[in-house]
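As provided, target.pdb (PDB, C-alpha atoms and all ligand atoms) reads as follows.
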ATOM      1  CA  MET S   9     -43.025 -39.328  -5.402
ATOM      2  CA  THR S  10     -41.611 -38.670  -8.853
ATOM      3  CA  ILE S  11     -41.536 -34.910  -8.219
ATOM      4  CA  THR S  12     -39.752 -35.398  -4.902
ATOM      5  CA  THR S  13     -37.132 -37.571  -6.535
ATOM      6  CA  THR S  14     -36.597 -35.020  -9.309
ATOM      7  CA  ARG S  15     -36.241 -32.210  -6.780
ATOM      8  CA  ARG S  16     -33.723 -34.179  -4.811
ATOM      9  CA  THR S  17     -31.726 -34.823  -7.964
ATOM     10  CA  MET S  18     -31.791 -31.130  -8.849
ATOM     11  CA  LEU S  19     -30.688 -30.126  -5.363
ATOM     12  CA  ALA S  20     -27.866 -32.625  -5.531
ATOM     13  CA  SER S  21     -26.772 -31.217  -8.900
ATOM     14  CA  ALA S  22     -26.883 -27.651  -7.567
ATOM     15  CA  ALA S  23     -24.834 -28.678  -4.543
ATOM     16  CA  ALA S  24     -22.272 -30.336  -6.806
ATOM     17  CA  LEU S  25     -21.968 -27.151  -8.898
ATOM     18  CA  CYS S  26     -21.548 -24.968  -5.808
ATOM     19  CA  TRP S  27     -18.847 -27.323  -4.577
ATOM     20  CA  ALA S  28     -17.061 -27.366  -7.929
ATOM     21  CA  TRP S  29     -16.900 -23.580  -8.256
ATOM     22  CA  PRO S  30     -14.464 -22.754  -5.416
ATOM     23  CA  LEU S  31     -12.249 -25.670  -6.456
ATOM     24  CA  ALA S  32     -12.118 -24.274  -9.987
ATOM     25  CA  ALA S  33     -11.162 -20.848  -8.594
ATOM     26  CA  ILE S  34      -8.263 -22.300  -6.612
ATOM     27  CA  ALA S  35      -6.957 -24.408  -9.509
ATOM     28  CA  GLN S  36      -6.642 -21.332 -11.714
ATOM     29  CA  GLN S  37      -5.371 -21.981 -15.208
ATOM     30  CA  PRO S  38      -2.391 -19.956 -16.453
ATOM     31  CA  GLY S  39      -3.419 -16.690 -18.005
ATOM     32  CA  SER S  40      -7.051 -17.054 -16.998
ATOM     33  CA  GLU S  41      -9.125 -14.373 -15.354
ATOM     34  CA  ALA S  42      -8.484 -13.482 -11.721
ATOM     35  CA  ARG S  43     -10.679 -11.369  -9.461
ATOM     36  CA  SER S  44     -10.249  -9.527  -6.201
ATOM     37  CA  THR S  45     -12.329 -10.898  -3.327
ATOM     38  CA  ASP S  46     -14.615  -7.846  -3.483
ATOM     39  CA  GLY S  47     -15.119  -8.378  -7.238
ATOM     40  CA  THR S  48     -14.084  -4.826  -8.216
ATOM     41  CA  ILE S  49     -10.790  -5.737  -9.904
ATOM     42  CA  ILE S  50     -10.500  -8.207 -12.789
ATOM     43  CA  VAL S  51      -7.092  -9.229 -14.133
ATOM     44  CA  GLN S  52      -6.853 -10.994 -17.506
ATOM     45  CA  GLN S  53      -4.211 -12.150 -19.980
ATOM     46  CA  THR S  54      -1.329 -12.340 -17.523
ATOM     47  CA  TRP S  55       1.842 -13.296 -19.358
ATOM     48  CA  THR S  56       5.596 -12.943 -19.395
ATOM     49  CA  ARG S  57       8.399 -14.010 -21.703
ATOM     50  CA  ALA S  58      10.846 -16.850 -21.409
ATOM     51  CA  THR S  59      14.075 -15.490 -19.942
ATOM     52  CA  PRO S  60      17.562 -16.109 -21.314
ATOM     53  CA  ASN S  61      19.831 -17.865 -18.815
ATOM     54  CA  GLY S  62      21.321 -15.411 -16.364
ATOM     55  CA  ALA S  63      18.631 -12.776 -16.896
ATOM     56  CA  LYS S  64      18.031 -10.703 -13.787
ATOM     57  CA  VAL S  65      14.857  -8.921 -14.907
ATOM     58  CA  ALA S  66      11.764  -9.731 -16.970
ATOM     59  CA  GLY S  67       8.562  -7.946 -17.935
ATOM     60  CA  GLY S  68       5.087  -8.899 -16.750
ATOM     61  CA  PHE S  69       2.040  -8.053 -18.842
ATOM     62  CA  LEU S  70      -1.730  -8.134 -18.232
ATOM     63  CA  THR S  71      -5.005  -6.299 -18.578
ATOM     64  CA  VAL S  72      -6.636  -4.936 -15.435
ATOM     65  CA  THR S  73     -10.239  -3.720 -15.269
ATOM     66  CA  ASN S  74     -11.829  -1.743 -12.454
ATOM     67  CA  LYS S  75     -15.510  -2.742 -12.142
ATOM     68  CA  GLY S  76     -15.881  -0.707  -8.954
ATOM     69  CA  THR S  77     -17.181   2.823  -8.428
ATOM     70  CA  GLU S  78     -13.947   4.248  -6.993
ATOM     71  CA  PRO S  79     -10.477   4.613  -8.515
ATOM     72  CA  ASP S  80      -8.043   1.913  -7.457
ATOM     73  CA  GLN S  81      -4.271   1.662  -7.752
ATOM     74  CA  LEU S  82      -1.958  -1.210  -8.539
ATOM     75  CA  ILE S  83       0.782  -0.610  -5.976
ATOM     76  CA  GLY S  84       2.902  -3.773  -6.049
ATOM     77  CA  GLY S  85       2.887  -7.521  -5.712
ATOM     78  CA  SER S  86       5.138 -10.519  -6.029
ATOM     79  CA  ALA S  87       6.088 -13.279  -8.469
ATOM     80  CA  ASP S  88       7.515 -16.598  -7.406
ATOM     81  CA  ILE S  89      10.578 -16.346  -9.686
ATOM     82  CA  ALA S  90      11.471 -12.796  -8.622
ATOM     83  CA  GLY S  91      12.920 -11.212  -5.513
ATOM     84  CA  ARG S  92      10.494  -8.321  -5.956
ATOM     85  CA  ILE S  93       8.416  -6.605  -8.608
ATOM     86  CA  GLU S  94       8.130  -3.005  -9.689
ATOM     87  CA  ILE S  95       5.536  -1.167 -11.778
ATOM     88  CA  HIS S  96       7.139   0.552 -14.780
ATOM     89  CA  GLU S  97       6.249   2.840 -17.619
ATOM     90  CA  MET S  98       7.928   3.199 -21.014
ATOM     91  CA  ALA S  99       7.650   6.751 -22.244
ATOM     92  CA  MET S 100       9.347   9.173 -24.610
ATOM     93  CA  ALA S 101      11.693  11.585 -22.840
ATOM     94  CA  ASP S 102      13.712  14.003 -24.989
ATOM     95  CA  GLY S 103      13.082  11.825 -28.045
ATOM     96  CA  VAL S 104      14.268   8.638 -26.365
ATOM     97  CA  MET S 105      12.160   5.773 -25.020
ATOM     98  CA  LYS S 106      12.908   5.460 -21.350
ATOM     99  CA  MET S 107      11.675   3.212 -18.578
ATOM    100  CA  ARG S 108      10.798   4.560 -15.181
ATOM    101  CA  GLU S 109       9.272   3.176 -12.033
ATOM    102  CA  LEU S 110       5.809   4.370 -11.034
ATOM    103  CA  SER S 111       6.641   4.727  -7.367
ATOM    104  CA  LYS S 112       3.102   5.838  -6.504
ATOM    105  CA  GLY S 113       1.475   2.983  -8.413
ATOM    106  CA  LEU S 114      -0.742   2.785 -11.481
ATOM    107  CA  THR S 115      -4.250   4.231 -11.170
ATOM    108  CA  ILE S 116      -7.208   2.429 -12.733
ATOM    109  CA  ALA S 117     -10.280   4.676 -12.974
ATOM    110  CA  PRO S 118     -13.711   3.194 -12.222
ATOM    111  CA  GLY S 119     -15.003   1.452 -15.350
ATOM    112  CA  ALA S 120     -11.608   1.607 -17.060
ATOM    113  CA  SER S 121      -9.315  -1.130 -18.368
ATOM    114  CA  VAL S 122      -5.561  -0.624 -18.477
ATOM    115  CA  GLU S 123      -3.320  -2.861 -20.539
ATOM    116  CA  LEU S 124       0.209  -3.516 -19.335
ATOM    117  CA  LYS S 125       2.129  -4.398 -22.488
ATOM    118  CA  PRO S 126       5.576  -4.215 -24.093
ATOM    119  CA  GLY S 127       6.410  -0.571 -24.828
ATOM    120  CA  GLY S 128       3.946   0.806 -22.274
ATOM    121  CA  PHE S 129       3.050   0.156 -18.675
ATOM    122  CA  HIS S 130       4.453  -3.141 -17.459
ATOM    123  CA  LEU S 131       5.509  -5.026 -14.384
ATOM    124  CA  MET S 132       9.202  -5.581 -13.888
ATOM    125  CA  PHE S 133      10.244  -8.799 -12.204
ATOM    126  CA  MET S 134      13.468  -7.917 -10.389
ATOM    127  CA  ASP S 135      16.243 -10.124  -8.970
ATOM    128  CA  ILE S 136      15.100 -13.208 -10.879
ATOM    129  CA  LYS S 137      16.061 -16.385  -9.035
ATOM    130  CA  GLN S 138      15.070 -18.962 -11.665
ATOM    131  CA  PRO S 139      14.375 -18.708 -15.399
ATOM    132  CA  ALA S 140      10.899 -18.362 -16.860
ATOM    133  CA  VAL S 141      10.542 -21.389 -19.147
ATOM    134  CA  GLU S 142       8.450 -21.206 -22.317
ATOM    135  CA  GLY S 143       5.088 -22.905 -21.856
ATOM    136  CA  GLY S 144       5.390 -22.751 -18.085
ATOM    137  CA  ALA S 145       3.319 -20.870 -15.551
ATOM    138  CA  ILE S 146       4.478 -18.448 -12.883
ATOM    139  CA  LYS S 147       2.383 -17.712  -9.848
ATOM    140  CA  GLY S 148       2.196 -14.262  -8.413
ATOM    141  CA  THR S 149       0.114 -11.746  -6.563
ATOM    142  CA  LEU S 150      -0.882  -8.214  -7.421
ATOM    143  CA  LEU S 151      -1.602  -5.717  -4.674
ATOM    144  CA  PHE S 152      -4.278  -3.062  -5.114
ATOM    145  CA  ARG S 153      -4.770  -0.189  -2.702
ATOM    146  CA  ARG S 154      -8.520  -0.732  -2.315
ATOM    147  CA  ALA S 155      -9.192  -4.276  -3.555
ATOM    148  CA  GLY S 156      -6.220  -5.899  -1.812
ATOM    149  CA  ALA S 157      -4.269  -8.874  -3.121
ATOM    150  CA  VAL S 158      -5.232 -10.774  -6.283
ATOM    151  CA  GLU S 159      -3.592 -14.103  -7.113
ATOM    152  CA  VAL S 160      -2.561 -14.480 -10.744
ATOM    153  CA  VAL S 161      -0.756 -16.984 -12.968
ATOM    154  CA  TYR S 162       1.518 -15.757 -15.779
ATOM    155  CA  THR S 163       1.692 -17.767 -18.986
ATOM    156  CA  VAL S 164       5.279 -17.908 -20.257
ATOM    157  CA  ARG S 165       5.402 -16.990 -23.947
ATOM    158  CA  PRO S 166       8.481 -17.565 -26.135
ATOM    159  CA  LEU S 167      11.376 -15.171 -26.394
ATOM    160  CA  GLY S 168      11.174 -12.810 -29.345
ATOM    161  CA  ALA S 169      12.188 -14.304 -32.715
ATOM    162  CA  ALA S 170      15.469 -12.375 -32.729
ATOM    163  CA  ALA S 171      16.397 -13.908 -29.409
ATOM    164  CA  ASP S 172      15.512 -17.496 -30.340
ATOM    165  CA  ALA S 173      19.104 -18.350 -31.284
ATOM    166  CA  HIS S 174      20.064 -17.813 -27.658
ATOM    167  CA  LYS S 175      17.494 -20.226 -26.298
ATOM    168  CA  THR S 176      19.116 -23.044 -24.373
ATOM    169  CA  HIS S 177      17.761 -26.452 -23.420
ATOM    170  CA  LYS S 178      18.806 -28.549 -20.479
TER     171      LYS S 178
HETATM  172 CU    CU G   1      10.635  -1.990 -16.800
END

Can I see the file as structure tokens?
Ligand SMILES: [Cu+2]
Amino acid sequence: MTITTTRRTMLASAAALCWAWPLAAIAQQPGSEARSTDGTIIVQQTWTRATPNGAKVAGGFLTVTNKGTEPDQLIGGSADIAGRIEIHEMAMADGVMKMRELSKGLTIAPGASVELKPGGFHLMFMDIKQPAVEGGAIKGTLLFRRAGAVEVVYTVRPLGAAADAHKTHK
């Protein structure tokens, strides 16, 4: 009798945990880890910067890890403040740092992590329709050739210190 009751309690607890898990996945916190449905792609530390009023572009930054056994490619995506996004690279060309679009996408080798960061690979939010506000969260998706779409949330970090004087409040 006691054992039966205990088992029932344990089953109920397990059921509650199983129920809580998918809810937690849907209510993803800004900047938290996101996974592809097949589990091969993990995206962490998604962030962007607050945009000055009137800005038409902004950078998107994150770390992507390929846990799969095949190479995958980040080929695009979307962000809810932007008309479209591009995948860019900053690189030295003739002694000058230049930005160019990776029109064929960014390859992530099996077992590798690639960091998209200022001065290197990054996402470019194009045709921005509304400003990114410091402390806010921006929803988006990333599209991978093999793993498909991954939903992410970008944490909005402050503008750089030099740009703080231009920050406006409504
Ligand atoms: Cu760029």

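Near ligand CU 1 (chain G), at a distance of at most 6 Å and with only C-alpha atoms and all ligand atoms counted, sit the residues S:His96, S:Met107, S:Met132.
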
(request) Go through S:Gly103, S:Gly156, S:Pro126, S:Gly143 and flag the residue nearest Ala66 (chain S), using all atoms listed in the file for the distances. (result)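 For Ala66 (chain S), the nearest of the candidates is S:Pro126.
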
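Using the PyMOL selection byres (((chain S and resi 71) around 6) and not hetatm) on this structure selects Val51, Gln52, Leu70, Val72, Val122, Glu123 and Leu124 of chain S.
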
(message) What's around Thr48 (chain S) at 8 Å? Count only C-alpha atoms, leave out sequence neighbours fewer than 6 positions away in its own chain, and write the answer as a list in words.
(response)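 The filter keeps Asn74, Lys75, Gly76 and Ala155 of chain S.
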
(message) Suppose a student applies the PyMOL selection byres (((chain S and resi 152) around 10) and not hetatm) to this structure; what residues should they get, written as a ChimeraX atom specification?
(response) /S:44,49,80-85,113-116,149-151,153-158

(request) Name the closest residue to Glu142 (chain S) among the candidates S:Arg108, S:Arg43, S:Arg165, S:His130; distances are taken between atoms, counting only C-alpha atoms. (result)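 Looking only at the distances to Glu142 (chain S), the closest residue turns out to be S:Arg165.
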
(request) Using CA of Ala87 (chain S) and CA of Gly127 (chain S) as the two end points, give the distance in Å to one decimal. (result)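 A separation of 20.7 Å between them.
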